Amino acid sequence: MKFLKDDFMLHSDYAKKLYFERAKDLPIIDYHCHIEARDIAEDKKYDTITSLWLGGDHYKWRQMRACGIEEKYITGDASDYDKFLKWAEVLPRLIGNPLYHWSHLELKKYFGYDGVLTPETAPEVWELCNRILKNMSAKDIILSSNVKIICTTDDPVDSLQWHKQISDSDFPVKVLPAWRPDKILDISSTSFNSYIAQLSKTSCIDISDWNSLKMAIKNRLQYFKNLGCVLSDHSLPYVMYHPATEDEINEILLSVFSGVTLTSEQISKYKTMCLLFMAEEYHTLGWAMQLHYGVMRNTNTKMFDLIGADTGFDCIGDSSPISQLSQFLNVLATKDTLPKTIIYSLNPNDNTSIDTVIGCFQDETCAGKLQHGAAWWFNDNKDGMINHLTSLSNIGTIGNFIGMLTDSRSFLSYTRHDYFRRILCEYFGSLVEKGEYPKDYDTLGKIVQDICYYNAEKYFNF
């Protein structure tokens, strides 16, 4: 049984025209992912489809647990073949889940399989994929996906040696670091002091107070910039605004260095002022700042203790005070130090709020300076993308949107860009078919191309 026709998800003639003539063959800029640069530098190969497909995919792990699969077949020591068979048992149940579409898009694009993965077809799919993987590497997948630029996610203390190695090679795809300073901000962590010691060693600056911490941060920011970094990324419960003086932040740091437990107010003040400081530095460097929030992490403490973070036990949070976000942005805008900013919330109820807030801080320095980031994580599905596009269209300027990203640890996830492009063309095509936008193919075709590729290229100054 064949699945996924060429016009998959495209229901109008206009949508098909936009997709096939304007969107389908555009290159990919994947400006936010969790791919390891080392895997690209060493051109990693995979022995089985399981190691490539299920090795770090907590999206799939969640669904396997929901179907009662034992953990040994998910993150445990079961064989790759048995894990693959278990996933094949689960997949047919995922009607309406993007994993069903993504999995089949990946099988078709990278392995030429246009059938349906079921428990009955699993053995033949296993053999087919593993046979092809013998002659396929990480770089092969990237090149066959028409990827031009990849931005990884990297800690400030990272040496970025693998980025250097890739840059010095003849690999034609740019693989750039992105600054992810979550551990600098997480002053309440029991490992904060040990991390600051590591940052001190890496920056060659003795961090003993607020001023020396700022010097160390600036040192590492310049190091990242020298290796092509153009954006930061922050994972936050929400964007808080609790201002403090420089002296207060210095006292807070000295307290935590001395082993004193901080109050919630002190933690909020430090996080606010540290993020404000870094945002101003991003503005100076010409970087974009990504703010990801609305997440409750590691909700299942039993499983967190067993297998750690990023294993499928995070959920949507309900605390996203828009007043604090607007105050945070306003302080920067008032000082003319607001960087280009991309805002994502995991809670879809925040779509309208985000679209109204970003409209308050746009200016002449850049078209779409503030962005409502692509539908993220649990919103990265058909309805989630349509809701995001609809909100942005209703309230903002969708023609400035910088488009899709993978946010993935898998090299096969580049098909998510194709998934997005199909949904985007269908969305615009439906507006034309309903008479809500003129049949101005040249204008609409250019907007599609801008959203899929050119807006991001220009926004990040690649």
# chains A, B, ... in the order shown; residues from 1 in each chain; ligands from 1
>>> residues_around(residues="Tyr282 of chain A", least_positions_apart="2", cutoff="12 Å", atoms="only C-alpha atoms", output="PyMOL selection string")
chain A and resi 178-179+217-218+221-222+224-225+229-233+275-280+284-290+332+337-341
>>> write_last_selection(atoms="N, CA and C atoms", output="CSV table (one decimal), in the first residue's frame")
chain,number,residue,atom,x,y,z
A,178,ALA,N,25.5,28.3,18.2
A,178,ALA,CA,24.6,29.3,18.8
A,178,ALA,C,24.8,29.3,20.3
A,179,TRP,N,24.8,30.4,20.9
A,179,TRP,CA,25.1,30.6,22.3
A,179,TRP,C,23.9,30.2,23.1
A,217,ILE,N,31.7,36.6,30.4
A,217,ILE,CA,30.7,36.4,29.4
A,217,ILE,C,31.0,37.1,28.1
A,218,LYS,N,31.5,38.3,28.2
A,218,LYS,CA,31.9,39.1,27.0
A,218,LYS,C,33.1,38.4,26.3
A,221,LEU,N,31.5,35.4,24.5
A,221,LEU,CA,30.7,35.9,23.4
A,221,LEU,C,31.5,36.2,22.1
A,222,GLN,N,32.7,36.9,22.4
A,222,GLN,CA,33.6,37.2,21.3
A,222,GLN,C,34.1,36.0,20.7
A,224,PHE,N,32.7,33.0,20.5
A,224,PHE,CA,31.6,32.5,19.6
A,224,PHE,C,31.5,33.3,18.3
A,225,LYS,N,31.5,34.6,18.5
A,225,LYS,CA,31.4,35.5,17.3
A,225,LYS,C,32.5,35.2,16.3
A,229,CYS,N,29.1,32.7,15.1
A,229,CYS,CA,27.8,32.7,15.8
A,229,CYS,C,27.1,34.0,15.5
A,230,VAL,N,25.8,33.9,15.3
A,230,VAL,CA,25.0,35.1,15.0
A,230,VAL,C,23.7,35.2,15.9
A,231,LEU,N,23.6,34.2,16.8
A,231,LEU,CA,22.3,34.2,17.5
A,231,LEU,C,22.5,33.4,18.9
A,232,SER,N,21.7,33.8,19.8
A,232,SER,CA,21.7,33.1,21.1
A,232,SER,C,20.4,32.4,21.3
A,233,ASP,N,20.3,31.6,22.3
A,233,ASP,CA,19.0,30.9,22.6
A,233,ASP,C,18.9,30.7,24.1
A,275,LEU,N,20.2,38.4,32.1
A,275,LEU,CA,19.6,38.3,30.7
A,275,LEU,C,19.6,39.7,30.1
A,276,LEU,N,19.3,40.8,30.8
A,276,LEU,CA,19.3,42.1,30.3
A,276,LEU,C,20.8,42.5,29.8
A,277,PHE,N,21.7,42.1,30.6
A,277,PHE,CA,23.1,42.4,30.2
A,277,PHE,C,23.5,41.6,29.0
A,278,MET,N,23.1,40.4,28.9
A,278,MET,CA,23.5,39.6,27.7
A,278,MET,C,22.7,40.1,26.4
A,279,ALA,N,21.5,40.5,26.6
A,279,ALA,CA,20.7,41.1,25.5
A,279,ALA,C,21.4,42.3,24.9
A,280,GLU,N,21.9,43.2,25.8
A,280,GLU,CA,22.6,44.4,25.3
A,280,GLU,C,23.8,44.0,24.6
A,284,THR,N,24.9,44.8,20.6
A,284,THR,CA,26.2,45.3,20.2
A,284,THR,C,26.8,44.4,19.1
A,285,LEU,N,26.7,43.1,19.3
A,285,LEU,CA,27.3,42.1,18.3
A,285,LEU,C,26.5,42.0,17.0
A,286,GLY,N,25.2,42.5,17.0
A,286,GLY,CA,24.4,42.3,15.9
A,286,GLY,C,23.7,40.9,15.8
A,287,TRP,N,23.6,40.3,16.9
A,287,TRP,CA,23.0,38.9,17.0
A,287,TRP,C,21.5,39.0,17.2
A,288,ALA,N,20.9,37.9,17.0
A,288,ALA,CA,19.5,37.7,17.3
A,288,ALA,C,19.4,36.9,18.6
A,289,MET,N,18.3,37.2,19.4
A,289,MET,CA,18.1,36.6,20.7
A,289,MET,C,16.8,35.7,20.6
A,290,GLN,N,17.0,34.4,20.9
A,290,GLN,CA,15.8,33.5,20.9
A,290,GLN,C,15.4,33.3,22.3
A,332,LEU,N,15.0,47.5,27.3
A,332,LEU,CA,16.0,47.4,26.2
A,332,LEU,C,15.7,48.4,25.1
A,337,THR,N,18.9,49.3,22.9
A,337,THR,CA,19.8,48.2,23.0
A,337,THR,C,19.0,46.9,22.8
A,338,LEU,N,17.8,47.0,22.2
A,338,LEU,CA,17.0,45.8,22.0
A,338,LEU,C,17.5,45.0,20.8
A,339,PRO,N,18.0,43.8,20.9
A,339,PRO,CA,18.5,43.1,19.7
A,339,PRO,C,17.3,42.5,18.9
A,340,LYS,N,17.6,42.0,17.7
A,340,LYS,CA,16.6,41.2,17.0
A,340,LYS,C,16.2,40.1,18.0
A,341,THR,N,14.9,39.9,18.1
A,341,THR,CA,14.4,38.9,19.1
A,341,THR,C,13.3,38.0,18.5
>>> residues_around(residues="Ser159 of chain A", least_positions_apart="2", cutoff="12 Å", atoms="only C-alpha atoms", output="ChimeraX atom specification")
/A:37-38,154-157,161-165,177,198-199,201-203,220,223-224,227
>>> closest_atom_pairs(of="segment 85-131 of chain A", to="segment 396-411 of chain A", cutoff="12 Å", atoms="only C-alpha atoms", output="Markdown table")
| residue | atom | partner | partner_atom | distance |
| --- | --- | --- | --- | --- |
| A:Trp102 | CA | A:Thr406 | CA | 11.5 |
| A:Ser103 | CA | A:Ser410 | CA | 11.7 |
| A:Glu106 | CA | A:Phe411 | CA | 10.0 |
| A:Tyr110 | CA | A:Phe411 | CA | 10.5 |
>>> atom_distance(atom1="atom CA of Asp310 of chain A", atom2="atom CA of Met296 of chain A")
11.7 Å
>>> closest_residue(among="A:Lys458, A:Lys302, A:Arg62, A:Lys335", to="Thr75 of chain A", atoms="only C-alpha atoms")
A:Arg62
>>> select_by_dssp(residues="segment 256-405 of chain A", states="alpha helix (DSSP H)", output="ChimeraX atom specification")
/A:256-257,264-285,301-307,322-334,351-359,382-395
>>> decode(residues="segment 85-115 of chain A", atoms="N, CA, C and O atoms", output="PDB file, in the first residue's frame")
ATOM      1  N   LEU A  85      10.844  -2.833  16.053  1.00  0.00           N
ATOM      2  CA  LEU A  85       9.560  -3.537  15.961  1.00  0.00           C
ATOM      3  C   LEU A  85       8.528  -2.913  16.890  1.00  0.00           C
ATOM      4  O   LEU A  85       7.343  -2.802  16.525  1.00  0.00           O
ATOM      5  N   LYS A  86       8.959  -2.499  18.069  1.00  0.00           N
ATOM      6  CA  LYS A  86       8.029  -1.871  19.007  1.00  0.00           C
ATOM      7  C   LYS A  86       7.528  -0.535  18.463  1.00  0.00           C
ATOM      8  O   LYS A  86       6.350  -0.195  18.610  1.00  0.00           O
ATOM      9  N   TRP A  87       8.430   0.230  17.831  1.00  0.00           N
ATOM     10  CA  TRP A  87       7.991   1.497  17.230  1.00  0.00           C
ATOM     11  C   TRP A  87       7.002   1.230  16.095  1.00  0.00           C
ATOM     12  O   TRP A  87       6.016   1.958  15.944  1.00  0.00           O
ATOM     13  N   ALA A  88       7.254   0.184  15.331  1.00  0.00           N
ATOM     14  CA  ALA A  88       6.335  -0.164  14.238  1.00  0.00           C
ATOM     15  C   ALA A  88       4.966  -0.576  14.774  1.00  0.00           C
ATOM     16  O   ALA A  88       3.947  -0.392  14.088  1.00  0.00           O
ATOM     17  N   GLU A  89       4.914  -1.115  15.981  1.00  0.00           N
ATOM     18  CA  GLU A  89       3.627  -1.445  16.603  1.00  0.00           C
ATOM     19  C   GLU A  89       2.870  -0.175  16.988  1.00  0.00           C
ATOM     20  O   GLU A  89       1.642  -0.105  16.879  1.00  0.00           O
ATOM     21  N   VAL A  90       3.607   0.827  17.439  1.00  0.00           N
ATOM     22  CA  VAL A  90       2.994   2.059  17.938  1.00  0.00           C
ATOM     23  C   VAL A  90       2.525   2.955  16.801  1.00  0.00           C
ATOM     24  O   VAL A  90       1.435   3.552  16.867  1.00  0.00           O
ATOM     25  N   LEU A  91       3.309   3.059  15.746  1.00  0.00           N
ATOM     26  CA  LEU A  91       3.064   4.058  14.705  1.00  0.00           C
ATOM     27  C   LEU A  91       1.644   4.042  14.132  1.00  0.00           C
ATOM     28  O   LEU A  91       1.038   5.108  13.963  1.00  0.00           O
ATOM     29  N   PRO A  92       1.050   2.883  13.804  1.00  0.00           N
ATOM     30  CA  PRO A  92      -0.302   2.912  13.226  1.00  0.00           C
ATOM     31  C   PRO A  92      -1.360   3.534  14.134  1.00  0.00           C
ATOM     32  O   PRO A  92      -2.415   3.960  13.657  1.00  0.00           O
ATOM     33  N   ARG A  93      -1.094   3.607  15.421  1.00  0.00           N
ATOM     34  CA  ARG A  93      -2.055   4.183  16.354  1.00  0.00           C
ATOM     35  C   ARG A  93      -2.021   5.719  16.369  1.00  0.00           C
ATOM     36  O   ARG A  93      -2.895   6.345  16.960  1.00  0.00           O
ATOM     37  N   LEU A  94      -1.017   6.306  15.724  1.00  0.00           N
ATOM     38  CA  LEU A  94      -0.795   7.742  15.847  1.00  0.00           C
ATOM     39  C   LEU A  94      -1.513   8.533  14.757  1.00  0.00           C
ATOM     40  O   LEU A  94      -0.931   9.397  14.101  1.00  0.00           O
ATOM     41  N   ILE A  95      -2.774   8.251  14.579  1.00  0.00           N
ATOM     42  CA  ILE A  95      -3.569   8.989  13.603  1.00  0.00           C
ATOM     43  C   ILE A  95      -3.646  10.454  14.032  1.00  0.00           C
ATOM     44  O   ILE A  95      -4.021  10.757  15.165  1.00  0.00           O
ATOM     45  N   GLY A  96      -3.277  11.366  13.137  1.00  0.00           N
ATOM     46  CA  GLY A  96      -3.310  12.789  13.429  1.00  0.00           C
ATOM     47  C   GLY A  96      -2.067  13.325  14.102  1.00  0.00           C
ATOM     48  O   GLY A  96      -1.895  14.540  14.209  1.00  0.00           O
ATOM     49  N   ASN A  97      -1.181  12.460  14.572  1.00  0.00           N
ATOM     50  CA  ASN A  97       0.053  12.894  15.216  1.00  0.00           C
ATOM     51  C   ASN A  97       1.101  13.178  14.149  1.00  0.00           C
ATOM     52  O   ASN A  97       1.251  12.388  13.214  1.00  0.00           O
ATOM     53  N   PRO A  98       1.847  14.289  14.251  1.00  0.00           N
ATOM     54  CA  PRO A  98       2.844  14.574  13.213  1.00  0.00           C
ATOM     55  C   PRO A  98       3.904  13.493  13.076  1.00  0.00           C
ATOM     56  O   PRO A  98       4.511  13.349  12.008  1.00  0.00           O
ATOM     57  N   LEU A  99       4.134  12.712  14.133  1.00  0.00           N
ATOM     58  CA  LEU A  99       5.113  11.628  14.038  1.00  0.00           C
ATOM     59  C   LEU A  99       4.743  10.640  12.947  1.00  0.00           C
ATOM     60  O   LEU A  99       5.624  10.044  12.324  1.00  0.00           O
ATOM     61  N   TYR A 100       3.464  10.455  12.717  1.00  0.00           N
ATOM     62  CA  TYR A 100       3.037   9.541  11.658  1.00  0.00           C
ATOM     63  C   TYR A 100       3.467  10.081  10.299  1.00  0.00           C
ATOM     64  O   TYR A 100       4.011   9.359   9.466  1.00  0.00           O
ATOM     65  N   HIS A 101       3.227  11.362  10.083  1.00  0.00           N
ATOM     66  CA  HIS A 101       3.623  11.985   8.825  1.00  0.00           C
ATOM     67  C   HIS A 101       5.135  12.089   8.697  1.00  0.00           C
ATOM     68  O   HIS A 101       5.713  11.747   7.668  1.00  0.00           O
ATOM     69  N   TRP A 102       5.792  12.583   9.764  1.00  0.00           N
ATOM     70  CA  TRP A 102       7.246  12.740   9.708  1.00  0.00           C
ATOM     71  C   TRP A 102       7.944  11.412   9.417  1.00  0.00           C
ATOM     72  O   TRP A 102       8.867  11.359   8.603  1.00  0.00           O
ATOM     73  N   SER A 103       7.515  10.381  10.096  1.00  0.00           N
ATOM     74  CA  SER A 103       8.164   9.076   9.921  1.00  0.00           C
ATOM     75  C   SER A 103       8.062   8.612   8.474  1.00  0.00           C
ATOM     76  O   SER A 103       9.049   8.118   7.887  1.00  0.00           O
ATOM     77  N   HIS A 104       6.902   8.781   7.866  1.00  0.00           N
ATOM     78  CA  HIS A 104       6.741   8.324   6.486  1.00  0.00           C
ATOM     79  C   HIS A 104       7.410   9.263   5.481  1.00  0.00           C
ATOM     80  O   HIS A 104       7.919   8.797   4.442  1.00  0.00           O
ATOM     81  N   LEU A 105       7.442  10.558   5.791  1.00  0.00           N
ATOM     82  CA  LEU A 105       8.193  11.486   4.936  1.00  0.00           C
ATOM     83  C   LEU A 105       9.679  11.125   4.934  1.00  0.00           C
ATOM     84  O   LEU A 105      10.337  11.162   3.887  1.00  0.00           O
ATOM     85  N   GLU A 106      10.198  10.764   6.086  1.00  0.00           N
ATOM     86  CA  GLU A 106      11.608  10.393   6.190  1.00  0.00           C
ATOM     87  C   GLU A 106      11.891   9.084   5.467  1.00  0.00           C
ATOM     88  O   GLU A 106      12.912   8.949   4.779  1.00  0.00           O
ATOM     89  N   LEU A 107      11.010   8.117   5.619  1.00  0.00           N
ATOM     90  CA  LEU A 107      11.201   6.845   4.922  1.00  0.00           C
ATOM     91  C   LEU A 107      11.193   7.041   3.407  1.00  0.00           C
ATOM     92  O   LEU A 107      11.985   6.428   2.679  1.00  0.00           O
ATOM     93  N   LYS A 108      10.317   7.926   2.939  1.00  0.00           N
ATOM     94  CA  LYS A 108      10.221   8.146   1.494  1.00  0.00           C
ATOM     95  C   LYS A 108      11.421   8.908   0.964  1.00  0.00           C
ATOM     96  O   LYS A 108      12.013   8.528  -0.051  1.00  0.00           O
ATOM     97  N   LYS A 109      11.805   9.988   1.639  1.00  0.00           N
ATOM     98  CA  LYS A 109      12.873  10.836   1.118  1.00  0.00           C
ATOM     99  C   LYS A 109      14.233  10.159   1.177  1.00  0.00           C
ATOM    100  O   LYS A 109      15.004  10.199   0.210  1.00  0.00           O
ATOM    101  N   TYR A 110      14.561   9.566   2.305  1.00  0.00           N
ATOM    102  CA  TYR A 110      15.925   9.067   2.503  1.00  0.00           C
ATOM    103  C   TYR A 110      16.106   7.599   2.144  1.00  0.00           C
ATOM    104  O   TYR A 110      17.240   7.165   1.896  1.00  0.00           O
ATOM    105  N   PHE A 111      14.992   6.844   2.109  1.00  0.00           N
ATOM    106  CA  PHE A 111      15.117   5.420   1.845  1.00  0.00           C
ATOM    107  C   PHE A 111      14.275   4.942   0.678  1.00  0.00           C
ATOM    108  O   PHE A 111      14.266   3.743   0.358  1.00  0.00           O
ATOM    109  N   GLY A 112      13.567   5.876   0.039  1.00  0.00           N
ATOM    110  CA  GLY A 112      12.781   5.524  -1.140  1.00  0.00           C
ATOM    111  C   GLY A 112      11.612   4.612  -0.861  1.00  0.00           C
ATOM    112  O   GLY A 112      11.089   3.959  -1.778  1.00  0.00           O
ATOM    113  N   TYR A 113      11.160   4.566   0.396  1.00  0.00           N
ATOM    114  CA  TYR A 113      10.054   3.685   0.765  1.00  0.00           C
ATOM    115  C   TYR A 113       8.758   4.486   0.804  1.00  0.00           C
ATOM    116  O   TYR A 113       8.609   5.403   1.620  1.00  0.00           O
ATOM    117  N   ASP A 114       7.823   4.191  -0.062  1.00  0.00           N
ATOM    118  CA  ASP A 114       6.572   4.943  -0.094  1.00  0.00           C
ATOM    119  C   ASP A 114       5.381   4.124   0.392  1.00  0.00           C
ATOM    120  O   ASP A 114       4.231   4.464   0.154  1.00  0.00           O
ATOM    121  N   GLY A 115       5.677   3.050   1.113  1.00  0.00           N
ATOM    122  CA  GLY A 115       4.619   2.248   1.717  1.00  0.00           C
ATOM    123  C   GLY A 115       4.296   2.744   3.112  1.00  0.00           C
ATOM    124  O   GLY A 115       4.575   3.892   3.472  1.00  0.00           O
TER     125      GLY A 115
END
